[in-house]
Amino acid sequence: MNNKIALIGNPNVGKTTLYNNLTKSFEHTGNWHGVTVDKKEKAFKYENNIYDIVDLPGLYSLTSFSFEEQVSIDYLLSNNTQIINICDANLLARNLYLTLQLLEMGKHPILLINFDREVRSRGVVYDYDTLSKMLECEVIVNDKNIKEKVAKKVISNSLSFNYSPNYYTKLPIHEISSVLTNEQINCLKTPKEFIAIKLLEKDENIKGRLYLTPEQEKKINRIVNHKDYLSLIASLRYSYIDELINKITKKKKDFVYGKFKIDKIFLNKFLAIPIFFVILFTIFYITFSSVGAYLSECLKFLIDKLIGEPVTQVLLKINAPSWIIGLFVSGIISGVGGLLSFIPQIVLLFLFLSLLEDSGYMSRLAFLFEDLFYKFGLSGKSIFTILMSFGCTTSAVLTSRNIEDKNTKIKTAMISPYMSCSAKLPIYAVIGGAFFGKGNILIIILLYILGVIVGLLISNILSKKILKSKERSFILEFPPYRVPSFKQILRIIAQNIKSFVVKVSTILLSFSVIVWIFQNFTFKFEYIPTMSSGRSMLEVIGEELAIFFRPIGLGNWGIVVSLIVGIMAKEMVVGTMSIINKVPNSTNFDAQLGLSFITSGFVISFTPLTAVIMLIFSLLYMPCISTIAVLHKEIGLKWTVITCLLQFFVAYTICFFIYQIAIGGILSKILLSILALSFIIFIFILSKKLSRKHSFCTFKCKDCNKNCH
Amino acid sequence: MDNFFSLDKGIENKKYRVVDIGGSEKIKRRMLDLGFVDCDVMIVKRSALKGVYLIQIRNFILALKRKEVANVLVKKYE
C-alpha cells in the first residue's frame, strides 16, 4: 500500500522538522520564515506500509504572495493526496485561517498540533477533541509517537470532504457559480463554492485556470466590484475562528509570541548593529583563528600520518612507475588531501550559522537591515541569503525565493556569489597566511566585508535602471527565541561534512587527476618528467590565456589555470596550484604551502601585491559551476549570464585599478590624471552650487521659488 | 472622525482597533491573511531610521514597512 502525504502549514511551524523526523532526512531547517522554498519528497515505512511524505513551502493562505507559496498552491490544486496540516499551537487562530481554506477547497486535512507543550507552559490549554468535532477533522498532537499516529490516521482518513461553512451566508456564491460552466468547475476538481470564494477574493491564479470568456469576466467583475469582499471574507473567517478558539480554550492566558525583553538590547537603536558585528567577529575569530585553526592543524597531522606518508611509502616499496607515484603524491594527495583539513573550519562555520538560524536572531537581523538594504535596492530578508552565502552560495541562492518582489529576488541572488563562501577559505589560508601571518584573520574579515560592500554597490547600480523595484513590501513574522536543537545542529553539520567529503572524493578528486595529467603530459601524450624538454598541455593552454590576465598582475600561466579550474569548485584553486608547483608533502594547505609560492623556482610565485590581487580576484571573479546551475534555475539564463559576466568584469576592473596604481605604470598615470581632473571638476561644481545657494540673488525673477530676497 | 488615523502615526505601546486596510490588493490580502481584521494592534518599536515598524497583531509580532503600516486605518480607544 502506498500513501502520499503532503505537509501543509504556515511558515515556520515545523513542517521540515517533522519531515526529517518521519523520514530520517537531513533537510535544512531554521527558526525563520521561508526556510523551505521547494517541495521535497521521501518515503518512510511503518508496519509494511510505505508513506510518501511531501514537504511543501509554508503559506498563510491559498492565494499566493510569493514564489515559494505558489509551489504549494499548485501542488494542492493538481494533486489529490492526504494532507497533514501542521498548526503551531502558539498561533492557533492564524493557523486555522489556512485550515478553513483547505476545508473550503474540498480537502480533508489531518490537523497536527505542534508546540502544544510550549503553549501549555505559557498557561494555555486547548481542547483538541472539541476542535476535531467542530471542524470534522482528525486532530493529533506532535509527540514522540508521531510516526505511529500519522500512519494510523492517514489510513483511516478520507481524501475529500464536503465542507459547508455556515459563515458565508452573506456572500453571492451562487450568483458567481451560476456564471461558470460545468466544464470550468470540473477542471479545477474543487467545490464550486471554493471557486466562487476565490473569484470574490480576486484570486488571479484561479481566474487564470478557468479561462473565462470576456462576457463571463464582465459578469463576475460586476458582482465582485460591488463590495469589498476581500475584507468581508477575511472578517467572516476570523470571526468564526475566534468563536472556535473561545469554545476550545480550557485555560486562557494572554501572551505575545515572539516578544522578548532581550530585544530591547538586540534591537536597540545604538547597540543593535555593534552587537551584530561583535557576534560576526567572534564567529570569524573562533572559526578561522583560534579553535578552527587548531583543529585544522590536528587534522592535517592525522591526514599526513594516516594517508600521505603510508601511501608514499607503499608506492616506493612496490617500485611503482614514476608516473604512478607522481599521480598519487603530486596529483591526488596534494590536490585533494589538503582540502580535508578544512573540515573543522567548515564545521564551525556551519555550526554558528545554524545557531544564528535556529535561535530566531535571523529575523531580527532582517528588521535591522531593512532600512539600509532598501537604499541599495535589496530587502531586509536579503540578509538571510548574504549570511547563508558565507557558508555555501549554492544553497544560499535558493533562500532568495522568500523575497516577494521579483527584481529584489534577482538582485539578491545575483550578489550572493560576491560573498566569501567556505570554499574560498583554502585560498585565504594559503596565500593570505603566507604573506600576513597572524594578521591574516584581519585580511579574511576585510575580504568578507569587501564582498558585502561590492555586492551592495552592484545591487544599487542595478536598482537605478535595470532592476527597479516598483512596490516592494516587507512583511516578516518575528519568531520566538529558541534554544537551538542539538540534534538538529548535529544533523546539519553531519550533512555538510558528508557533502564536503563527497565533493572532495568525487568532483575534486577527478579534477585533481585531470589537472595532474594535463600538467605532466604533452599534447603528444608524452610523460614530461622522463623527457629532457617539453611543454605540458596545461602550460600551453595557460600561457595562451595568461596574456589577458597580465594587466591585473596575474599573468602567470599557473595562476590562470588554477583560477579557471576554480570555476568548477573554488576549493580546487589551491589544489591546482599545489599540483602545478609540484610542492612536496603538500597535504598541508596552510601558510607553509603559501610560503612555497613565494620561493622562486616554482611555476607559481607571488609578490605581496599579486597575493593581494589574487585574494580579491578569487573572492569576486565568478560563481562556481553548482552555483551557476542554481542561479539558472532561480533567475533564468539571461540573468545568470549577466551575473557571471558582470562578476568577472567587476573583479577584473577592481584588480586592474589596484595593480596599475600600485606599479605606477603609464596606466596609473592616466588613471591618476583622470581622478585628479574629476576631483577638480567636482570641487568646482560643488563650490558653484554652494555659492549660488548662499549668495544674494540680484535678479528679481518672476515665478522664482527661491527665497533670495 | 478625529479618532481615525493611519497606524504609522500611532504612539508606541498603545493599543488601537483596526478599522480598515488600504493599499494595493496584494498587500491588503496578505495583511488580511495575517489577521488585520476586527482586532487590536500596537506599535512595539520603530527601526532606527523609522522605515520599519514592529507591530503586535493578535498575539504575535510582525515587522512591516512604514508604507504598509500606513495602510492600516485604526481608531483610538476612548
# chains A, B, ... in the order shown; residues from 1 in each chain; ligands from 1
>>> residues_around(residues="stretch 24-34 of chain B", least_positions_apart="6", cutoff="9 Å", atoms="only C-alpha atoms", output="compact mmCIF listing (two decimals) with C-alpha atoms, in the first residue's frame")
# COMPACT_ATOMS: atom_id res chain seq x y z
CA TYR A 60 -0.59 31.76 5.01
CA SER A 61 -3.50 31.35 2.61
CA THR A 63 -3.79 32.90 -2.64
CA SER A 64 -0.08 33.18 -3.25
CA PHE A 65 2.02 36.15 -2.24
CA ARG A 94 -3.85 32.36 12.37
CA TYR A 97 -7.22 30.52 8.78
CA LEU A 98 -5.37 28.25 6.36
CA GLU A 201 -11.23 37.39 -3.42
CA LYS A 202 -9.93 38.34 -6.91
CA LEU A 230 -11.71 40.63 0.34
CA SER A 231 -12.13 42.24 3.76
CA ALA A 234 -11.36 37.57 5.95
CA SER A 235 -13.60 39.08 8.60
CA SER A 473 6.80 45.14 0.57
CA ILE A 475 6.22 41.60 5.84
CA ILE B 57 -1.22 41.96 15.98
CA GLU B 68 2.37 49.10 4.81
CA ASN B 71 -2.33 51.36 5.05
CA VAL B 72 -3.85 50.26 8.35
>>> interface_residues(of="chain B", to="chain A", cutoff="12 Å", atoms="only C-alpha atoms", output="PDB file with N, CA, C and O atoms, in the first residue's frame")
ATOM      1  N   VAL B  18      -8.262  48.015  14.688  1.00  0.00           N
ATOM      2  CA  VAL B  18      -8.189  48.072  13.225  1.00  0.00           C
ATOM      3  C   VAL B  18      -9.575  48.354  12.663  1.00  0.00           C
ATOM      4  O   VAL B  18     -10.557  47.696  13.021  1.00  0.00           O
ATOM      5  N   VAL B  19      -9.659  49.349  11.788  1.00  0.00           N
ATOM      6  CA  VAL B  19     -10.939  49.718  11.193  1.00  0.00           C
ATOM      7  C   VAL B  19     -10.996  49.242   9.743  1.00  0.00           C
ATOM      8  O   VAL B  19     -11.976  48.654   9.298  1.00  0.00           O
ATOM      9  N   ASP B  20      -9.907  49.487   9.003  1.00  0.00           N
ATOM     10  CA  ASP B  20      -9.886  49.116   7.580  1.00  0.00           C
ATOM     11  C   ASP B  20      -8.446  48.953   7.113  1.00  0.00           C
ATOM     12  O   ASP B  20      -7.525  49.464   7.745  1.00  0.00           O
ATOM     13  N   ILE B  21      -8.306  48.264   5.988  1.00  0.00           N
ATOM     14  CA  ILE B  21      -6.973  48.107   5.388  1.00  0.00           C
ATOM     15  C   ILE B  21      -7.020  48.699   3.990  1.00  0.00           C
ATOM     16  O   ILE B  21      -7.920  48.386   3.208  1.00  0.00           O
ATOM     17  N   GLY B  22      -6.048  49.529   3.689  1.00  0.00           N
ATOM     18  CA  GLY B  22      -5.979  50.118   2.346  1.00  0.00           C
ATOM     19  C   GLY B  22      -4.812  49.536   1.571  1.00  0.00           C
ATOM     20  O   GLY B  22      -4.355  48.439   1.859  1.00  0.00           O
ATOM     21  N   GLY B  23      -4.333  50.272   0.586  1.00  0.00           N
ATOM     22  CA  GLY B  23      -3.166  49.841  -0.176  1.00  0.00           C
ATOM     23  C   GLY B  23      -3.503  48.939  -1.334  1.00  0.00           C
ATOM     24  O   GLY B  23      -4.677  48.711  -1.638  1.00  0.00           O
ATOM     25  N   SER B  24      -2.474  48.408  -1.970  1.00  0.00           N
ATOM     26  CA  SER B  24      -2.694  47.548  -3.139  1.00  0.00           C
ATOM     27  C   SER B  24      -3.389  46.255  -2.717  1.00  0.00           C
ATOM     28  O   SER B  24      -3.321  45.856  -1.554  1.00  0.00           O
ATOM     29  N   GLU B  25      -4.024  45.632  -3.708  1.00  0.00           N
ATOM     30  CA  GLU B  25      -4.795  44.416  -3.417  1.00  0.00           C
ATOM     31  C   GLU B  25      -3.917  43.307  -2.823  1.00  0.00           C
ATOM     32  O   GLU B  25      -4.319  42.608  -1.901  1.00  0.00           O
ATOM     33  N   LYS B  26      -2.706  43.188  -3.378  1.00  0.00           N
ATOM     34  CA  LYS B  26      -1.795  42.123  -2.957  1.00  0.00           C
ATOM     35  C   LYS B  26      -1.413  42.275  -1.481  1.00  0.00           C
ATOM     36  O   LYS B  26      -1.502  41.331  -0.705  1.00  0.00           O
ATOM     37  N   ILE B  27      -1.024  43.496  -1.132  1.00  0.00           N
ATOM     38  CA  ILE B  27      -0.613  43.755   0.255  1.00  0.00           C
ATOM     39  C   ILE B  27      -1.814  43.640   1.184  1.00  0.00           C
ATOM     40  O   ILE B  27      -1.747  43.049   2.257  1.00  0.00           O
ATOM     41  N   LYS B  28      -2.937  44.184   0.733  1.00  0.00           N
ATOM     42  CA  LYS B  28      -4.149  44.147   1.549  1.00  0.00           C
ATOM     43  C   LYS B  28      -4.522  42.692   1.859  1.00  0.00           C
ATOM     44  O   LYS B  28      -4.834  42.350   2.995  1.00  0.00           O
ATOM     45  N   ARG B  29      -4.453  41.845   0.822  1.00  0.00           N
ATOM     46  CA  ARG B  29      -4.811  40.436   1.002  1.00  0.00           C
ATOM     47  C   ARG B  29      -3.909  39.777   2.032  1.00  0.00           C
ATOM     48  O   ARG B  29      -4.354  39.068   2.915  1.00  0.00           O
ATOM     49  N   ARG B  30      -2.589  40.070   1.918  1.00  0.00           N
ATOM     50  CA  ARG B  30      -1.646  39.461   2.859  1.00  0.00           C
ATOM     51  C   ARG B  30      -1.895  39.941   4.296  1.00  0.00           C
ATOM     52  O   ARG B  30      -1.862  39.156   5.241  1.00  0.00           O
ATOM     53  N   MET B  31      -2.204  41.231   4.431  1.00  0.00           N
ATOM     54  CA  MET B  31      -2.467  41.781   5.761  1.00  0.00           C
ATOM     55  C   MET B  31      -3.721  41.127   6.351  1.00  0.00           C
ATOM     56  O   MET B  31      -3.769  40.819   7.540  1.00  0.00           O
ATOM     57  N   LEU B  32      -4.705  40.909   5.507  1.00  0.00           N
ATOM     58  CA  LEU B  32      -5.935  40.273   5.981  1.00  0.00           C
ATOM     59  C   LEU B  32      -5.666  38.814   6.354  1.00  0.00           C
ATOM     60  O   LEU B  32      -6.165  38.319   7.358  1.00  0.00           O
ATOM     61  N   ASP B  33      -4.859  38.133   5.530  1.00  0.00           N
ATOM     62  CA  ASP B  33      -4.492  36.744   5.848  1.00  0.00           C
ATOM     63  C   ASP B  33      -3.843  36.658   7.220  1.00  0.00           C
ATOM     64  O   ASP B  33      -4.029  35.694   7.958  1.00  0.00           O
ATOM     65  N   LEU B  34      -3.047  37.671   7.525  1.00  0.00           N
ATOM     66  CA  LEU B  34      -2.318  37.664   8.791  1.00  0.00           C
ATOM     67  C   LEU B  34      -3.191  38.082   9.970  1.00  0.00           C
ATOM     68  O   LEU B  34      -2.747  38.044  11.111  1.00  0.00           O
ATOM     69  N   GLY B  35      -4.393  38.494   9.685  1.00  0.00           N
ATOM     70  CA  GLY B  35      -5.346  38.766  10.764  1.00  0.00           C
ATOM     71  C   GLY B  35      -5.642  40.222  11.048  1.00  0.00           C
ATOM     72  O   GLY B  35      -6.183  40.541  12.108  1.00  0.00           O
ATOM     73  N   PHE B  36      -5.281  41.121  10.128  1.00  0.00           N
ATOM     74  CA  PHE B  36      -5.577  42.538  10.348  1.00  0.00           C
ATOM     75  C   PHE B  36      -7.066  42.825  10.091  1.00  0.00           C
ATOM     76  O   PHE B  36      -7.420  43.546   9.166  1.00  0.00           O
ATOM     77  N   VAL B  37      -7.903  42.236  10.883  1.00  0.00           N
ATOM     78  CA  VAL B  37      -9.340  42.442  10.740  1.00  0.00           C
ATOM     79  C   VAL B  37     -10.007  42.224  12.105  1.00  0.00           C
ATOM     80  O   VAL B  37      -9.672  41.272  12.816  1.00  0.00           O
ATOM     81  N   ASP B  38     -10.876  43.139  12.455  1.00  0.00           N
ATOM     82  CA  ASP B  38     -11.605  43.083  13.743  1.00  0.00           C
ATOM     83  C   ASP B  38     -10.677  42.737  14.920  1.00  0.00           C
ATOM     84  O   ASP B  38     -10.954  41.804  15.674  1.00  0.00           O
ATOM     85  N   CYS B  39      -9.592  43.446  15.048  1.00  0.00           N
ATOM     86  CA  CYS B  39      -8.681  43.118  16.153  1.00  0.00           C
ATOM     87  C   CYS B  39      -7.922  44.364  16.615  1.00  0.00           C
ATOM     88  O   CYS B  39      -8.034  45.417  16.009  1.00  0.00           O
ATOM     89  N   VAL B  41      -4.288  46.350  17.472  1.00  0.00           N
ATOM     90  CA  VAL B  41      -2.880  46.376  17.051  1.00  0.00           C
ATOM     91  C   VAL B  41      -2.111  47.354  17.924  1.00  0.00           C
ATOM     92  O   VAL B  41      -2.702  48.250  18.545  1.00  0.00           O
ATOM     93  N   MET B  42      -0.792  47.155  17.929  1.00  0.00           N
ATOM     94  CA  MET B  42       0.045  48.028  18.749  1.00  0.00           C
ATOM     95  C   MET B  42       1.416  48.174  18.088  1.00  0.00           C
ATOM     96  O   MET B  42       1.942  47.192  17.573  1.00  0.00           O
ATOM     97  N   VAL B  44       5.118  48.197  18.498  1.00  0.00           N
ATOM     98  CA  VAL B  44       6.049  47.778  19.542  1.00  0.00           C
ATOM     99  C   VAL B  44       7.334  48.586  19.436  1.00  0.00           C
ATOM    100  O   VAL B  44       7.909  49.003  20.445  1.00  0.00           O
ATOM    101  N   LYS B  45       7.782  48.807  18.199  1.00  0.00           N
ATOM    102  CA  LYS B  45       9.058  49.502  18.004  1.00  0.00           C
ATOM    103  C   LYS B  45       9.162  50.057  16.598  1.00  0.00           C
ATOM    104  O   LYS B  45       8.605  49.477  15.670  1.00  0.00           O
ATOM    105  N   ARG B  46       9.868  51.151  16.460  1.00  0.00           N
ATOM    106  CA  ARG B  46      10.214  51.663  15.132  1.00  0.00           C
ATOM    107  C   ARG B  46      11.709  51.463  14.946  1.00  0.00           C
ATOM    108  O   ARG B  46      12.469  51.587  15.911  1.00  0.00           O
ATOM    109  N   SER B  47      12.127  51.179  13.711  1.00  0.00           N
ATOM    110  CA  SER B  47      13.564  50.982  13.482  1.00  0.00           C
ATOM    111  C   SER B  47      14.286  52.317  13.615  1.00  0.00           C
ATOM    112  O   SER B  47      13.645  53.374  13.620  1.00  0.00           O
ATOM    113  N   ALA B  48      15.615  52.270  13.671  1.00  0.00           N
ATOM    114  CA  ALA B  48      16.409  53.483  13.889  1.00  0.00           C
ATOM    115  C   ALA B  48      16.095  54.560  12.848  1.00  0.00           C
ATOM    116  O   ALA B  48      15.976  55.727  13.180  1.00  0.00           O
ATOM    117  N   LEU B  49      15.938  54.143  11.577  1.00  0.00           N
ATOM    118  CA  LEU B  49      15.645  55.126  10.526  1.00  0.00           C
ATOM    119  C   LEU B  49      14.144  55.288  10.281  1.00  0.00           C
ATOM    120  O   LEU B  49      13.721  55.918   9.323  1.00  0.00           O
ATOM    121  N   LYS B  50      13.358  54.662  11.127  1.00  0.00           N
ATOM    122  CA  LYS B  50      11.887  54.752  11.121  1.00  0.00           C
ATOM    123  C   LYS B  50      11.227  54.205   9.848  1.00  0.00           C
ATOM    124  O   LYS B  50      10.093  54.520   9.531  1.00  0.00           O
ATOM    125  N   GLY B  51      11.965  53.388   9.121  1.00  0.00           N
ATOM    126  CA  GLY B  51      11.410  52.834   7.888  1.00  0.00           C
ATOM    127  C   GLY B  51      10.668  51.533   8.117  1.00  0.00           C
ATOM    128  O   GLY B  51       9.873  51.101   7.291  1.00  0.00           O
ATOM    129  N   VAL B  52      10.957  50.853   9.226  1.00  0.00           N
ATOM    130  CA  VAL B  52      10.321  49.565   9.533  1.00  0.00           C
ATOM    131  C   VAL B  52       9.701  49.628  10.927  1.00  0.00           C
ATOM    132  O   VAL B  52      10.274  50.218  11.843  1.00  0.00           O
ATOM    133  N   TYR B  53       8.533  49.023  11.044  1.00  0.00           N
ATOM    134  CA  TYR B  53       7.821  49.024  12.324  1.00  0.00           C
ATOM    135  C   TYR B  53       7.642  47.588  12.814  1.00  0.00           C
ATOM    136  O   TYR B  53       7.405  46.693  12.013  1.00  0.00           O
ATOM    137  N   LEU B  54       7.726  47.409  14.116  1.00  0.00           N
ATOM    138  CA  LEU B  54       7.343  46.113  14.697  1.00  0.00           C
ATOM    139  C   LEU B  54       5.931  46.282  15.231  1.00  0.00           C
ATOM    140  O   LEU B  54       5.678  47.165  16.054  1.00  0.00           O
ATOM    141  N   ILE B  55       5.034  45.464  14.729  1.00  0.00           N
ATOM    142  CA  ILE B  55       3.624  45.599  15.089  1.00  0.00           C
ATOM    143  C   ILE B  55       3.154  44.356  15.835  1.00  0.00           C
ATOM    144  O   ILE B  55       3.426  43.232  15.391  1.00  0.00           O
ATOM    145  N   GLN B  56       2.467  44.576  16.940  1.00  0.00           N
ATOM    146  CA  GLN B  56       1.842  43.441  17.623  1.00  0.00           C
ATOM    147  C   GLN B  56       0.414  43.323  17.133  1.00  0.00           C
ATOM    148  O   GLN B  56      -0.373  44.249  17.262  1.00  0.00           O
ATOM    149  N   ILE B  57       0.121  42.183  16.514  1.00  0.00           N
ATOM    150  CA  ILE B  57      -1.221  41.961  15.981  1.00  0.00           C
ATOM    151  C   ILE B  57      -1.704  40.635  16.552  1.00  0.00           C
ATOM    152  O   ILE B  57      -0.970  39.654  16.501  1.00  0.00           O
ATOM    153  N   ARG B  58      -2.904  40.622  17.076  1.00  0.00           N
ATOM    154  CA  ARG B  58      -3.427  39.447  17.790  1.00  0.00           C
ATOM    155  C   ARG B  58      -2.391  39.037  18.843  1.00  0.00           C
ATOM    156  O   ARG B  58      -2.083  39.847  19.685  1.00  0.00           O
ATOM    157  N   ASN B  59      -1.765  37.850  18.736  1.00  0.00           N
ATOM    158  CA  ASN B  59      -0.770  37.526  19.777  1.00  0.00           C
ATOM    159  C   ASN B  59       0.617  37.279  19.199  1.00  0.00           C
ATOM    160  O   ASN B  59       1.388  36.499  19.709  1.00  0.00           O
ATOM    161  N   PHE B  60       0.922  37.948  18.080  1.00  0.00           N
ATOM    162  CA  PHE B  60       2.268  37.776  17.551  1.00  0.00           C
ATOM    163  C   PHE B  60       2.830  39.111  17.025  1.00  0.00           C
ATOM    164  O   PHE B  60       2.109  40.106  16.982  1.00  0.00           O
ATOM    165  N   ILE B  61       4.100  39.064  16.634  1.00  0.00           N
ATOM    166  CA  ILE B  61       4.806  40.283  16.222  1.00  0.00           C
ATOM    167  C   ILE B  61       5.159  40.200  14.741  1.00  0.00           C
ATOM    168  O   ILE B  61       5.650  39.178  14.269  1.00  0.00           O
ATOM    169  N   LEU B  62       4.922  41.294  14.042  1.00  0.00           N
ATOM    170  CA  LEU B  62       5.250  41.370  12.618  1.00  0.00           C
ATOM    171  C   LEU B  62       6.140  42.577  12.366  1.00  0.00           C
ATOM    172  O   LEU B  62       5.946  43.618  12.968  1.00  0.00           O
ATOM    173  N   ALA B  63       7.094  42.398  11.457  1.00  0.00           N
ATOM    174  CA  ALA B  63       7.878  43.557  11.011  1.00  0.00           C
ATOM    175  C   ALA B  63       7.293  43.999   9.681  1.00  0.00           C
ATOM    176  O   ALA B  63       7.116  43.186   8.781  1.00  0.00           O
ATOM    177  N   LEU B  64       6.948  45.271   9.578  1.00  0.00           N
ATOM    178  CA  LEU B  64       6.332  45.814   8.364  1.00  0.00           C
ATOM    179  C   LEU B  64       6.989  47.119   7.974  1.00  0.00           C
ATOM    180  O   LEU B  64       7.466  47.854   8.839  1.00  0.00           O
ATOM    181  N   LYS B  65       6.960  47.411   6.692  1.00  0.00           N
ATOM    182  CA  LYS B  65       7.483  48.709   6.248  1.00  0.00           C
ATOM    183  C   LYS B  65       6.496  49.800   6.641  1.00  0.00           C
ATOM    184  O   LYS B  65       5.300  49.545   6.778  1.00  0.00           O
ATOM    185  N   ARG B  66       7.010  51.000   6.745  1.00  0.00           N
ATOM    186  CA  ARG B  66       6.166  52.113   7.168  1.00  0.00           C
ATOM    187  C   ARG B  66       4.963  52.304   6.236  1.00  0.00           C
ATOM    188  O   ARG B  66       3.846  52.545   6.686  1.00  0.00           O
ATOM    189  N   LYS B  67       5.209  52.155   4.906  1.00  0.00           N
ATOM    190  CA  LYS B  67       4.100  52.403   3.970  1.00  0.00           C
ATOM    191  C   LYS B  67       2.997  51.339   4.124  1.00  0.00           C
ATOM    192  O   LYS B  67       1.835  51.615   3.874  1.00  0.00           O
ATOM    193  N   GLU B  68       3.387  50.117   4.556  1.00  0.00           N
ATOM    194  CA  GLU B  68       2.372  49.097   4.815  1.00  0.00           C
ATOM    195  C   GLU B  68       1.602  49.408   6.089  1.00  0.00           C
ATOM    196  O   GLU B  68       0.388  49.210   6.153  1.00  0.00           O
ATOM    197  N   VAL B  69       2.321  49.912   7.076  1.00  0.00           N
ATOM    198  CA  VAL B  69       1.673  50.280   8.348  1.00  0.00           C
ATOM    199  C   VAL B  69       0.707  51.452   8.093  1.00  0.00           C
ATOM    200  O   VAL B  69      -0.370  51.522   8.684  1.00  0.00           O
ATOM    201  N   ASN B  71      -1.097  51.856   5.660  1.00  0.00           N
ATOM    202  CA  ASN B  71      -2.334  51.360   5.045  1.00  0.00           C
ATOM    203  C   ASN B  71      -3.365  50.879   6.062  1.00  0.00           C
ATOM    204  O   ASN B  71      -4.488  50.545   5.699  1.00  0.00           O
TER     205      ASN B  71
END
>>> residues_around(residues="A:Met572", least_positions_apart="4", cutoff="8 Å", atoms="only C-alpha atoms", output="PDB file with N, CA and C atoms, in the first residue's frame")
ATOM      1  N   GLY A 335      46.497  17.424  -4.260  1.00  0.00           N
ATOM      2  CA  GLY A 335      45.342  18.203  -4.721  1.00  0.00           C
ATOM      3  C   GLY A 335      44.135  18.087  -3.823  1.00  0.00           C
ATOM      4  N   LEU A 508      36.321  16.902  -6.921  1.00  0.00           N
ATOM      5  CA  LEU A 508      37.656  17.469  -6.733  1.00  0.00           C
ATOM      6  C   LEU A 508      38.738  16.437  -7.039  1.00  0.00           C
ATOM      7  N   PHE A 511      38.991  16.153 -10.820  1.00  0.00           N
ATOM      8  CA  PHE A 511      39.657  17.321 -11.401  1.00  0.00           C
ATOM      9  C   PHE A 511      41.146  17.348 -11.069  1.00  0.00           C
ATOM     10  N   SER A 512      41.491  16.872  -9.860  1.00  0.00           N
ATOM     11  CA  SER A 512      42.909  16.810  -9.489  1.00  0.00           C
ATOM     12  C   SER A 512      43.646  15.897 -10.449  1.00  0.00           C
ATOM     13  N   SER A 562      44.752  27.747 -12.478  1.00  0.00           N
ATOM     14  CA  SER A 562      44.126  27.478 -11.173  1.00  0.00           C
ATOM     15  C   SER A 562      42.790  28.205 -11.047  1.00  0.00           C
ATOM     16  N   VAL A 565      40.197  26.424 -13.275  1.00  0.00           N
ATOM     17  CA  VAL A 565      39.745  25.168 -12.639  1.00  0.00           C
ATOM     18  C   VAL A 565      38.843  25.491 -11.442  1.00  0.00           C
ATOM     19  N   GLY A 566      39.149  26.616 -10.781  1.00  0.00           N
ATOM     20  CA  GLY A 566      38.352  27.027  -9.621  1.00  0.00           C
ATOM     21  C   GLY A 566      36.901  27.294  -9.942  1.00  0.00           C
ATOM     22  N   MET A 568      35.043  25.297 -11.484  1.00  0.00           N
ATOM     23  CA  MET A 568      34.379  24.011 -11.216  1.00  0.00           C
ATOM     24  C   MET A 568      34.046  23.909  -9.730  1.00  0.00           C
ATOM     25  N   THR A 576      45.008  22.977  -7.334  1.00  0.00           N
ATOM     26  CA  THR A 576      45.628  23.040  -8.666  1.00  0.00           C
ATOM     27  C   THR A 576      47.000  23.709  -8.585  1.00  0.00           C
TER      28      THR A 576
END
>>> residues_around(residues="stretch 115-124 of chain A", least_positions_apart="4", cutoff="9 Å", atoms="only C-alpha atoms", output="PyMOL selection string")
chain A and resi 13-14+87-90+141-142+249-255
>>> residues_around(residues="stretch 293-308 of chain A", least_positions_apart="4", cutoff="7 Å", atoms="only C-alpha atoms", output="list of chain:residue names")
A:Phe288, A:Ser289, A:Thr312, A:Ile333, A:Ser341, A:Phe342, A:Pro344, A:Gln345, A:Thr587, A:Asn588
>>> select_by_dssp(residues="stretch 8-46 of chain B", states="helix (DSSP H, G or I)", output="MDAnalysis selection string")
chainID B and resid 8:9 25:33
>>> residues_around(residues="stretch 38-55 of chain A", least_positions_apart="6", cutoff="8 Å", atoms="only C-alpha atoms", output="ChimeraX atom specification")
/A:1-8,15-16,19,22-23,68,71-72,147-148,151
>>> residues_around(residues="stretch 410-420 of chain A", least_positions_apart="6", cutoff="9 Å", atoms="only C-alpha atoms", output="PyMOL selection string")
chain A and resi 377-379+382+385-394+396-401+403+447-452+454-456+458-459+462-463+467+619-624+627+631+634-635+639-640+642-644+647
>>> atom_distance(atom1="atom CA of A:Ser536", atom2="atom CA of A:Ile579")
12.8 Å
>>> select_by_dssp(residues="stretch 19-65 of chain B", states="strand (DSSP E)", output="list in words")
Val19, Asp20, Ile21, Asp40, Val41, Met42, Ile43, Val44, Lys45, Arg46, Val52, Tyr53, Leu54, Ile55, Gln56, Ile57, Phe60, Ile61, Leu62, Ala63, Leu64 and Lys65 of chain B
